[in-house]
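Data block for my_file_30.pdb (PDB, C-alpha atoms):
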ATOM      1  CA  VAL Z 707       0.961  12.168 -19.139
ATOM      2  CA  LEU Z 708       1.492  15.181 -21.371
ATOM      3  CA  VAL Z 709      -1.068  17.208 -19.410
ATOM      4  CA  LEU Z 710       0.622  16.319 -16.124
ATOM      5  CA  LEU Z 711       4.075  17.159 -17.503
ATOM      6  CA  ALA Z 712       2.850  20.493 -18.871
ATOM      7  CA  ALA Z 713       1.496  21.402 -15.444
ATOM      8  CA  GLY Z 714       4.196  19.801 -13.313
ATOM      9  CA  VAL Z 715       7.449  20.910 -14.949
ATOM     10  CA  PRO Z 716       6.763  24.666 -14.587
ATOM     11  CA  ALA Z 717       5.392  24.116 -11.063
ATOM     12  CA  VAL Z 718       8.639  22.479  -9.927
ATOM     13  CA  ARG Z 719      10.468  25.693 -10.742
ATOM     14  CA  LEU Z 720       8.301  27.750  -8.395
ATOM     15  CA  PRO Z 721      10.066  28.843  -5.188
ATOM     16  CA  SER Z 722       9.330  26.703  -2.142
ATOM     17  CA  PRO Z 723       7.498  28.368   0.749
ATOM     18  CA  ARG Z 724       9.526  28.851   3.907
ATOM     19  CA  GLU Z 725       6.473  28.118   6.036
ATOM     20  CA  THR Z 726       3.264  26.235   5.356
ATOM     21  CA  GLN Z 727       0.187  26.492   7.537
ATOM     22  CA  HIS Z 728      -1.698  23.320   8.411
ATOM     23  CA  ASN Z 729      -4.887  24.400   6.668
ATOM     24  CA  GLU Z 730      -2.871  25.044   3.496
ATOM     25  CA  ALA Z 731      -1.213  21.646   3.725
ATOM     26  CA  LEU Z 732      -4.564  19.910   4.216
ATOM     27  CA  ILE Z 733      -5.982  21.632   1.132
ATOM     28  CA  VAL Z 734      -2.969  20.553  -0.933
ATOM     29  CA  VAL Z 735      -3.440  16.947   0.222
ATOM     30  CA  ALA Z 736      -7.157  16.947  -0.591
ATOM     31  CA  VAL Z 737      -6.691  18.527  -4.021
ATOM     32  CA  THR Z 738      -3.891  16.081  -4.854
ATOM     33  CA  PHE Z 739      -6.138  13.071  -4.285
ATOM     34  CA  LEU Z 740      -9.078  14.672  -6.086
ATOM     35  CA  LEU Z 741      -7.019  15.577  -9.155
ATOM     36  CA  SER Z 742      -5.292  12.182  -9.280
ATOM     37  CA  ALA Z 743      -8.613  10.341  -9.273
ATOM     38  CA  ALA Z 744     -10.241  12.736 -11.743
ATOM     39  CA  LEU Z 745      -7.380  12.611 -14.275
ATOM     40  CA  LEU Z 746      -6.748   8.875 -14.167
ATOM     41  CA  SER Z 747     -10.426   7.946 -14.273
ATOM     42  CA  PHE Z 748     -10.381   8.629 -18.024
ATOM     43  CA  SER Z 749      -7.802   5.882 -18.510
ATOM     44  CA  LEU Z 750     -10.048   3.425 -16.653
ATOM     45  CA  ALA Z 751     -13.156   4.286 -18.692
ATOM     46  CA  GLU Z 752     -12.585   1.632 -21.330
ATOM     47  CA  PRO Z 753     -15.358  -0.125 -23.304
ATOM     48  CA  GLY Z 754     -17.763  -1.825 -20.916
ATOM     49  CA  VAL Z 755     -16.851   0.426 -17.988
ATOM     50  CA  PRO Z 756     -19.128   3.474 -17.619
ATOM     51  CA  TYR Z 757     -17.382   6.657 -16.558
ATOM     52  CA  ALA Z 758     -19.158   6.667 -13.184
ATOM     53  CA  ASP Z 759     -17.685   3.221 -12.453
ATOM     54  CA  ALA Z 760     -14.267   4.305 -13.738
ATOM     55  CA  LEU Z 761     -14.321   7.316 -11.391
ATOM     56  CA  PHE Z 762     -15.343   5.073  -8.493
ATOM     57  CA  GLU Z 763     -12.438   2.718  -9.272
ATOM     58  CA  ALA Z 764     -10.013   5.642  -9.446
ATOM     59  CA  VAL Z 765     -11.139   7.100  -6.106
ATOM     60  CA  SER Z 766     -11.137   3.654  -4.483
ATOM     61  CA  GLY Z 767      -7.666   3.020  -5.876
ATOM     62  CA  VAL Z 768      -5.919   6.278  -5.048
ATOM     63  CA  THR Z 769      -7.282   6.213  -1.496
ATOM     64  CA  SER Z 770      -6.190   2.512  -1.280
ATOM     65  CA  THR Z 771      -9.722   1.583  -0.204
ATOM     66  CA  GLY Z 772     -10.149  -1.382  -2.543
ATOM     67  CA  LEU Z 773     -13.906  -1.332  -3.088
ATOM     68  CA  THR Z 774     -15.132  -1.966  -6.625
ATOM     69  CA  THR Z 775     -18.403  -1.719  -8.554
ATOM     70  CA  LEU Z 776     -17.292  -4.159 -11.279
ATOM     71  CA  PRO Z 777     -18.921  -7.609 -11.100
ATOM     72  CA  THR Z 778     -16.012  -9.227 -12.956
ATOM     73  CA  LEU Z 779     -12.537  -8.444 -14.272
ATOM     74  CA  ASN Z 780     -12.819 -10.906 -17.138
ATOM     75  CA  GLY Z 781     -12.245  -9.150 -20.446
ATOM     76  CA  ARG Z 782     -10.545  -6.116 -18.919
ATOM     77  CA  SER Z 783      -7.391  -4.891 -20.635
ATOM     78  CA  HIS Z 784      -3.859  -5.166 -19.256
ATOM     79  CA  THR Z 785      -3.826  -1.370 -18.959
ATOM     80  CA  PHE Z 786      -6.925  -1.410 -16.766
ATOM     81  CA  ILE Z 787      -5.596  -4.194 -14.510
ATOM     82  CA  PHE Z 788      -2.207  -2.536 -14.034
ATOM     83  CA  LEU Z 789      -3.484   1.019 -13.613
ATOM     84  CA  ARG Z 790      -5.918   0.246 -10.805
ATOM     85  CA  ALA Z 791      -3.123  -1.524  -8.880
ATOM     86  CA  TRP Z 792      -0.691   1.317  -9.655
ATOM     87  CA  LEU Z 793      -3.271   3.802  -8.353
ATOM     88  CA  GLN Z 794      -3.311   1.979  -5.038
ATOM     89  CA  TRP Z 795       0.471   1.807  -4.897
ATOM     90  CA  PHE Z 796       1.162   5.523  -5.258
ATOM     91  CA  GLY Z 797      -2.018   6.375  -3.357
ATOM     92  CA  GLY Z 798      -0.760   4.409  -0.363
ATOM     93  CA  LEU Z 799       2.621   6.088  -0.667
ATOM     94  CA  GLY Z 800       0.973   9.499  -0.924
ATOM     95  CA  ILE Z 801      -1.104   8.932   2.201
ATOM     96  CA  ALA Z 802       1.989   7.884   4.151
ATOM     97  CA  VAL Z 803       4.110  10.788   2.911
ATOM     98  CA  MET Z 804       1.590  13.572   3.238
ATOM     99  CA  SER Z 805       0.097  12.536   6.570
ATOM    100  CA  VAL Z 806       3.498  12.638   8.263
ATOM    101  CA  ALA Z 807       4.598  15.680   6.269
ATOM    102  CA  LEU Z 808       1.781  17.561   8.006
ATOM    103  CA  LEU Z 809       3.737  17.064  11.227
ATOM    104  CA  ALA Z 810       6.987  18.359   9.768
ATOM    105  CA  SER Z 811       6.344  21.898  10.972
ATOM    106  CA  HIS Z 812       6.409  20.494  14.514
ATOM    107  CA  ARG Z 813       9.739  18.836  13.641
ATOM    108  CA  VAL Z 814       8.388  15.369  14.475
ATOM    109  CA  ALA Z 815       9.403  13.957  11.104
ATOM    110  CA  ASP Z 816      12.560  16.065  11.238
ATOM    111  CA  ARG Z 817      13.789  14.530  14.479
ATOM    112  CA  GLN Z 818      13.047  10.950  13.421
ATOM    113  CA  LEU Z 819      13.813  10.847   9.723
ATOM    114  CA  THR Z 820      16.685  13.186   8.911
ATOM    115  CA  GLU Z 821      20.292  12.856   9.876
ATOM    116  CA  GLY Z 822      22.236  15.589  11.564
ATOM    117  CA  PRO Z 823      20.924  18.897  12.906
ATOM    118  CA  GLY Z 824      17.266  19.818  12.605
ATOM    119  CA  VAL Z 825      16.045  21.273   9.339
ATOM    120  CA  GLU Z 826      13.962  24.388   9.796
ATOM    121  CA  ASP Z 827      12.473  24.533   6.299
ATOM    122  CA  PHE Z 828       9.141  22.698   6.088
ATOM    123  CA  THR Z 829       9.515  21.802   2.416
ATOM    124  CA  THR Z 830      13.074  20.529   2.826
ATOM    125  CA  THR Z 831      11.997  18.301   5.710
ATOM    126  CA  ALA Z 832       8.988  16.963   3.805
ATOM    127  CA  ARG Z 833      11.119  16.206   0.745
ATOM    128  CA  ALA Z 834      13.768  14.421   2.826
ATOM    129  CA  TYR Z 835      11.061  12.335   4.435
ATOM    130  CA  ALA Z 836       9.424  11.565   1.081
ATOM    131  CA  ARG Z 837      12.701  10.421  -0.482
ATOM    132  CA  ARG Z 838      13.444   8.045   2.371
ATOM    133  CA  LEU Z 839       9.915   6.702   2.413
ATOM    134  CA  LEU Z 840       9.920   6.180  -1.356
ATOM    135  CA  ALA Z 841      13.186   4.252  -1.086
ATOM    136  CA  VAL Z 842      11.771   1.854   1.522
ATOM    137  CA  TYR Z 843       8.488   1.513  -0.358
ATOM    138  CA  ALA Z 844      10.263   0.759  -3.647
ATOM    139  CA  VAL Z 845      12.642  -1.806  -2.121
ATOM    140  CA  ILE Z 846       9.768  -3.706  -0.481
ATOM    141  CA  THR Z 847       7.808  -3.622  -3.758
ATOM    142  CA  LEU Z 848      10.703  -4.864  -5.890
ATOM    143  CA  ALA Z 849      11.494  -7.639  -3.415
ATOM    144  CA  GLY Z 850       7.844  -8.690  -3.458
ATOM    145  CA  LEU Z 851       7.718  -8.727  -7.253
ATOM    146  CA  VAL Z 852      10.873 -10.865  -7.484
ATOM    147  CA  LEU Z 853       9.538 -13.367  -4.934
ATOM    148  CA  LEU Z 854       5.986 -13.622  -6.269
ATOM    149  CA  ARG Z 855       7.242 -13.944  -9.845
ATOM    150  CA  VAL Z 856       8.778 -17.271  -8.812
ATOM    151  CA  PHE Z 857       5.306 -18.651  -8.024
ATOM    152  CA  VAL Z 858       3.211 -16.725 -10.570
ATOM    153  CA  PRO Z 859       4.186 -17.176 -14.233
ATOM    154  CA  ASP Z 860       2.438 -13.994 -15.409
ATOM    155  CA  THR Z 861       4.461 -10.842 -14.655
ATOM    156  CA  LEU Z 862       1.448  -8.507 -14.912
ATOM    157  CA  THR Z 863      -0.528 -10.582 -12.430
ATOM    158  CA  ALA Z 864       2.400 -10.746 -10.004
ATOM    159  CA  ALA Z 865       2.985  -6.986 -10.264
ATOM    160  CA  ALA Z 866      -0.686  -6.171  -9.697
ATOM    161  CA  TYR Z 867      -0.897  -8.362  -6.599
ATOM    162  CA  ILE Z 868       2.289  -6.899  -5.107
ATOM    163  CA  LEU Z 869       1.365  -3.261  -5.847
ATOM    164  CA  SER Z 870      -1.979  -3.833  -4.143
ATOM    165  CA  SER Z 871      -0.484  -5.718  -1.195
ATOM    166  CA  VAL Z 872       2.363  -3.342  -0.293
ATOM    167  CA  SER Z 873      -0.098  -0.437  -0.388
ATOM    168  CA  THR Z 874      -2.568  -2.548   1.675
ATOM    169  CA  GLY Z 875      -5.208  -1.672  -0.917
ATOM    170  CA  GLY Z 876      -6.392  -5.109  -1.972
ATOM    171  CA  PHE Z 877      -7.306  -4.652  -5.658
ATOM    172  CA  ALA Z 878      -6.877  -8.193  -7.001
ATOM    173  CA  PRO Z 879      -6.188  -8.499 -10.748
ATOM    174  CA  ARG Z 880      -8.374 -11.604 -11.000
ATOM    175  CA  ASP Z 881     -11.837 -12.649  -9.946
ATOM    176  CA  GLY Z 882     -11.653 -14.664  -6.761
ATOM    177  CA  SER Z 883      -9.020 -12.495  -5.082
ATOM    178  CA  LEU Z 884      -6.338 -14.720  -3.510
ATOM    179  CA  ALA Z 885      -8.257 -17.873  -4.405
ATOM    180  CA  ALA Z 886      -7.231 -17.224  -8.014
ATOM    181  CA  LEU Z 887      -3.576 -17.869  -7.099
ATOM    182  CA  ASN Z 888      -2.422 -21.455  -7.378
ATOM    183  CA  GLY Z 889      -0.357 -22.737  -4.483
ATOM    184  CA  TRP Z 890      -0.004 -21.711  -0.880
ATOM    185  CA  GLU Z 891       3.414 -20.223  -1.603
ATOM    186  CA  ALA Z 892       1.939 -17.474  -3.760
ATOM    187  CA  ARG Z 893      -0.848 -16.664  -1.306
ATOM    188  CA  TYR Z 894       1.494 -16.536   1.684
ATOM    189  CA  SER Z 895       3.908 -14.350  -0.296
ATOM    190  CA  VAL Z 896       1.166 -11.798  -0.956
ATOM    191  CA  MET Z 897       0.176 -11.815   2.711
ATOM    192  CA  PHE Z 898       3.785 -11.453   3.831
ATOM    193  CA  PHE Z 899       4.239  -8.275   1.821
ATOM    194  CA  SER Z 900       0.844  -7.010   2.933
ATOM    195  CA  PHE Z 901       2.156  -7.299   6.477
ATOM    196  CA  LEU Z 902       5.397  -5.514   5.558
ATOM    197  CA  GLY Z 903       3.351  -2.692   4.044
ATOM    198  CA  ALA Z 904       1.285  -2.373   7.222
ATOM    199  CA  VAL Z 905       4.316  -2.062   9.498
ATOM    200  CA  PRO Z 906       5.158   1.591  10.301
ATOM    201  CA  LEU Z 907       7.653   2.459   7.573
ATOM    202  CA  ILE Z 908       9.829   4.491   9.936
ATOM    203  CA  LEU Z 909      10.824   1.198  11.602
ATOM    204  CA  TYR Z 910      12.699   0.178   8.465
ATOM    205  CA  PHE Z 911      14.935   3.240   8.932
ATOM    206  CA  HIS Z 912      15.643   2.155  12.501
ATOM    207  CA  ALA Z 913      16.408  -1.383  11.311
ATOM    208  CA  TYR Z 914      18.731  -0.029   8.626
ATOM    209  CA  ARG Z 915      20.618   1.907  11.307
ATOM    210  CA  GLY Z 916      20.794  -1.152  13.534
ATOM    211  CA  GLU Z 917      18.459   0.378  16.135
ATOM    212  CA  TRP Z 918      16.678  -2.897  16.847
ATOM    213  CA  ARG Z 919      15.543  -1.889  20.331
ATOM    214  CA  LYS Z 920      13.449   0.855  18.751
ATOM    215  CA  VAL Z 921      12.014  -1.640  16.276
ATOM    216  CA  TRP Z 922      10.963  -4.313  18.772
ATOM    217  CA  GLY Z 923       9.953  -1.695  21.323
ATOM    218  CA  ASP Z 924       7.492  -0.011  18.950
ATOM    219  CA  LEU Z 925       3.988  -0.248  20.431
ATOM    220  CA  GLU Z 926       2.267  -0.184  17.042
ATOM    221  CA  LEU Z 927       4.305  -3.139  15.775
ATOM    222  CA  ARG Z 928       3.689  -5.040  18.996
ATOM    223  CA  GLY Z 929      -0.006  -4.316  18.746
ATOM    224  CA  LEU Z 930      -0.160  -5.505  15.137
ATOM    225  CA  LEU Z 931       1.661  -8.739  15.971
ATOM    226  CA  ALA Z 932      -0.501  -9.391  19.040
ATOM    227  CA  ALA Z 933      -3.742  -8.644  17.200
ATOM    228  CA  THR Z 934      -2.731 -10.890  14.309
ATOM    229  CA  ALA Z 935      -1.859 -13.791  16.610
ATOM    230  CA  GLY Z 936      -5.077 -13.317  18.577
ATOM    231  CA  THR Z 937      -7.221 -13.192  15.450
ATOM    232  CA  ILE Z 938      -5.600 -16.343  14.056
ATOM    233  CA  LEU Z 939      -6.367 -18.112  17.329
ATOM    234  CA  LEU Z 940      -9.996 -16.943  17.366
ATOM    235  CA  LEU Z 941     -10.541 -17.909  13.738
ATOM    236  CA  SER Z 942      -9.059 -21.354  14.372
ATOM    237  CA  LEU Z 943     -11.639 -21.833  17.154
ATOM    238  CA  ILE Z 944     -14.724 -20.612  15.282
ATOM    239  CA  MET Z 945     -13.910 -21.633  11.694
ATOM    240  CA  PRO Z 946     -15.807 -24.821  10.819
ATOM    241  CA  ARG Z 947     -13.358 -27.530   9.767
ATOM    242  CA  GLN Z 948     -14.080 -28.559   6.192
ATOM    243  CA  ALA Z 949     -13.844 -32.177   5.174
ATOM    244  CA  GLY Z 950     -10.936 -33.115   2.976
ATOM    245  CA  LEU Z 951      -8.668 -30.212   3.972
ATOM    246  CA  THR Z 952      -5.142 -30.913   5.152
ATOM    247  CA  SER Z 953      -3.712 -29.293   8.271
ATOM    248  CA  ALA Z 954      -1.752 -26.855   6.080
ATOM    249  CA  GLN Z 955      -4.911 -25.826   4.195
ATOM    250  CA  THR Z 956      -6.811 -25.394   7.455
ATOM    251  CA  LEU Z 957      -4.011 -23.213   8.826
ATOM    252  CA  GLU Z 958      -4.050 -21.104   5.657
ATOM    253  CA  GLN Z 959      -7.775 -20.455   6.045
ATOM    254  CA  THR Z 960      -7.127 -18.795   9.403
ATOM    255  CA  VAL Z 961      -3.747 -17.105   8.853
ATOM    256  CA  VAL Z 962      -4.543 -15.452   5.528
ATOM    257  CA  PRO Z 963      -7.905 -13.874   6.549
ATOM    258  CA  ALA Z 964      -6.399 -12.633   9.818
ATOM    259  CA  VAL Z 965      -3.416 -10.941   8.178
ATOM    260  CA  SER Z 966      -5.582  -9.658   5.329
ATOM    261  CA  ALA Z 967      -8.080  -8.060   7.692
ATOM    262  CA  LEU Z 968      -5.607  -6.520  10.127
ATOM    263  CA  THR Z 969      -3.149  -5.109   7.605
ATOM    264  CA  PRO Z 970      -5.956  -4.111   6.258
ATOM    265  CA  THR Z 971      -5.507  -5.349   2.683
ATOM    266  CA  GLY Z 972      -8.792  -7.146   2.214
ATOM    267  CA  PHE Z 973      -7.700 -10.060   0.035
ATOM    268  CA  ALA Z 974      -9.747 -13.217   0.544
ATOM    269  CA  PRO Z 975      -8.585 -16.823   0.049
ATOM    270  CA  PHE Z 976     -12.161 -18.142  -0.180
ATOM    271  CA  ASP Z 977     -15.768 -17.017  -0.570
ATOM    272  CA  VAL Z 978     -16.254 -14.967   2.607
ATOM    273  CA  ASP Z 979     -20.030 -14.841   2.086
ATOM    274  CA  ALA Z 980     -20.172 -18.627   2.341
TER     275      ALA Z 980
END

This structure in structure tokens:
Amino acid sequence: VLVLLAAGVPAVRLPSPRETQHNEALIVVAVTFLLSAALLSFSLAEPGVPYADALFEAVSGVTSTGLTTLPTLNGRSHTFIFLRAWLQWFGGLGIAVMSVALLASHRVADRQLTEGPGVEDFTTTARAYARRLLAVYAVITLAGLVLLRVFVPDTLTAAAYILSSVSTGGFAPRDGSLAALNGWEARYSVMFFSFLGAVPLILYFHAYRGEWRKVWGDLELRGLLAATAGTILLLSLIMPRQAGLTSAQTLEQTVVPAVSALTPTGFAPFDVDA
């Protein structure tokens, strides 16, 4: 933290460029992800985790990929569990902010995300977009934490699941992924906020402004809903019905994998290999 503050505080005082070329912006994005993973990998390299594995976890987290080289999370510290989920949370936010910020010079983000007349300055537009996106992202995360905390008694576990679901990263804080959560309420809550995180975040601005025709008319949202419904139907047809399961449990074994795959969080409510 001290190293980042020592580098970041003076950098904030540097004058903002009036124009930024796309190749420059791409380099900034790439270096940001590389430095984030490299710096935070040291915090993940605790006893029993070789540095190579810690670096893999950091890269997988900050890119919100969700792959892991660790055979088990048993015995890992609270710091380790929280940090890998936190990596996914701000990594997912960073991907959303910087990918659209690349379009700001074409005033795409400017037209859709700022009020009033167009802003000519690239940096001003990117910052305005980032602030609005952070606000939506934070509200969804806090709402998810409050809801999941009702069904999960451990605050750290609830926070880790929500950070990984809103970012659609899928780092579970326990072995067994979603199967480690007791009760369908908790599992459906995680999937619900995974879906909210997968919805184009600009639609929340339209909803806030009461522009519901733009929300329901969005092709990406329609496609996500249609694909989810279709996948649930296909899974219900091909999934072998297990003896002893209630109708609600059978429904969960099709809904949760479909939403998890398409969002694409990657949580699993059962042993997929089986």

Using only C-alpha atoms, which residue out of Z:Thr769, Z:Ser783, Z:Thr726, Z:Thr934 lies closest to Leu750 (chain Z)?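 Checking each candidate against Leu750 (chain Z), we get Z:Ser783 as the closest.
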
Explicit residues for the PyMOL selection byres ((chain Z and resi 736) around 12) (as JSON, numbers by chain): {"Z": [729, 730, 731, 732, 733, 734, 735, 737, 738, 739, 740, 741, 742, 743, 765, 768, 769, 800, 801, 804, 805]}

Got a sec: who's within 10 Å of Val962 (chain Z), counting all atoms listed in the file, leaving out chain neighbours fewer than 3 positions off, as a ChimeraX atom specification? /Z:884,893-894,896-898,938,957-959,965-967,972-976

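Within 9 Å of Ala866 (chain Z), once only C-alpha atoms are used and residues closer than 5 positions along the same chain are dropped, the contacting residues are Z:Ile787, Z:Phe788, Z:Leu789, Z:Arg790, Z:Ala791, Z:Trp792, Z:Thr861, Z:Ser871, Z:Phe877, Z:Ala878, Z:Pro879.
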
Grab the residues selected above and save them as an mmCIF file, in the coordinates of the input with C-alpha atoms.
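result.cif written:
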data_model
loop_
_atom_site.group_PDB
_atom_site.id
_atom_site.type_symbol
_atom_site.label_atom_id
_atom_site.label_comp_id
_atom_site.auth_asym_id
_atom_site.auth_seq_id
_atom_site.Cartn_x
_atom_site.Cartn_y
_atom_site.Cartn_z
ATOM 1 C CA ILE Z 787 -5.596 -4.194 -14.510
ATOM 2 C CA PHE Z 788 -2.207 -2.536 -14.034
ATOM 3 C CA LEU Z 789 -3.484 1.019 -13.613
ATOM 4 C CA ARG Z 790 -5.918 0.246 -10.805
ATOM 5 C CA ALA Z 791 -3.123 -1.524 -8.880
ATOM 6 C CA TRP Z 792 -0.691 1.317 -9.655
ATOM 7 C CA THR Z 861 4.461 -10.842 -14.655
ATOM 8 C CA SER Z 871 -0.484 -5.718 -1.195
ATOM 9 C CA PHE Z 877 -7.306 -4.652 -5.658
ATOM 10 C CA ALA Z 878 -6.877 -8.193 -7.001
ATOM 11 C CA PRO Z 879 -6.188 -8.499 -10.748
#

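CA of Gly876 (chain Z) to CA of Leu773 (chain Z) spans 8.5 Å [interatomic distance, one decimal].
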
Going by the chain IDs and residue numbers used in this file, which residues fall under the PyMOL selection byres ((chain Z and resi 853) around 12)? Write them as a list in words. Ile846, Thr847, Leu848, Ala849, Gly850, Leu851, Val852, Leu854, Arg855, Val856, Phe857, Val858, Pro859, Thr861, Ala864, Ala865, Tyr867, Ile868, Glu891, Ala892, Arg893, Tyr894, Ser895, Val896, Phe898 and Phe899 of chain Z

If you keep C-alpha atoms, can you produce a file of those selected residues as a compact mmCIF listing (two decimals), in the coordinates of the input?
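Below is the file that was written, again12.txt:
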# COMPACT_ATOMS: atom_id res chain seq x y z
CA ILE Z 846 9.77 -3.71 -0.48
CA THR Z 847 7.81 -3.62 -3.76
CA LEU Z 848 10.70 -4.86 -5.89
CA ALA Z 849 11.49 -7.64 -3.42
CA GLY Z 850 7.84 -8.69 -3.46
CA LEU Z 851 7.72 -8.73 -7.25
CA VAL Z 852 10.87 -10.86 -7.48
CA LEU Z 854 5.99 -13.62 -6.27
CA ARG Z 855 7.24 -13.94 -9.85
CA VAL Z 856 8.78 -17.27 -8.81
CA PHE Z 857 5.31 -18.65 -8.02
CA VAL Z 858 3.21 -16.73 -10.57
CA PRO Z 859 4.19 -17.18 -14.23
CA THR Z 861 4.46 -10.84 -14.66
CA ALA Z 864 2.40 -10.75 -10.00
CA ALA Z 865 2.98 -6.99 -10.26
CA TYR Z 867 -0.90 -8.36 -6.60
CA ILE Z 868 2.29 -6.90 -5.11
CA GLU Z 891 3.41 -20.22 -1.60
CA ALA Z 892 1.94 -17.47 -3.76
CA ARG Z 893 -0.85 -16.66 -1.31
CA TYR Z 894 1.49 -16.54 1.68
CA SER Z 895 3.91 -14.35 -0.30
CA VAL Z 896 1.17 -11.80 -0.96
CA PHE Z 898 3.78 -11.45 3.83
CA PHE Z 899 4.24 -8.28 1.82

Could you check which of Z:Leu761, Z:Leu925, Z:Ala932, Z:Ala841 is closest to Phe911 (chain Z), using only C-alpha atoms? Z:Ala841

Check what the PyMOL selection byres ((chain Z and resi 775) around 10) selects in the file above and give those residues as a ChimeraX atom specification. /Z:755,758-760,762-763,766,773-774,776-778

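In this model, the gap between CA of Tyr843 (chain Z) and CA of Ala751 (chain Z) comes to 28.5 Å.
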
Any idea what's packed within 10 Å of Ala933 (chain Z), counting all atoms listed in the file, ignoring anything in its chain fewer than 6 positions away? Could you give it as a list in words? Leu927, Leu939, Ala964, Val965 and Leu968 of chain Z

One decimal, in Å: what's the spacing between CA of Asp881 (chain Z) and CA of Ala954 (chain Z)?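 So the answer is 23.7 Å.
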
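Once Thr969 (chain Z) and its same-chain neighbours fewer than 5 positions away are set aside, Z:Thr874, Z:Ser900, Z:Phe901, Z:Gly903, Z:Ala904 remain within 8 Å of it when counting all atoms listed in the file.
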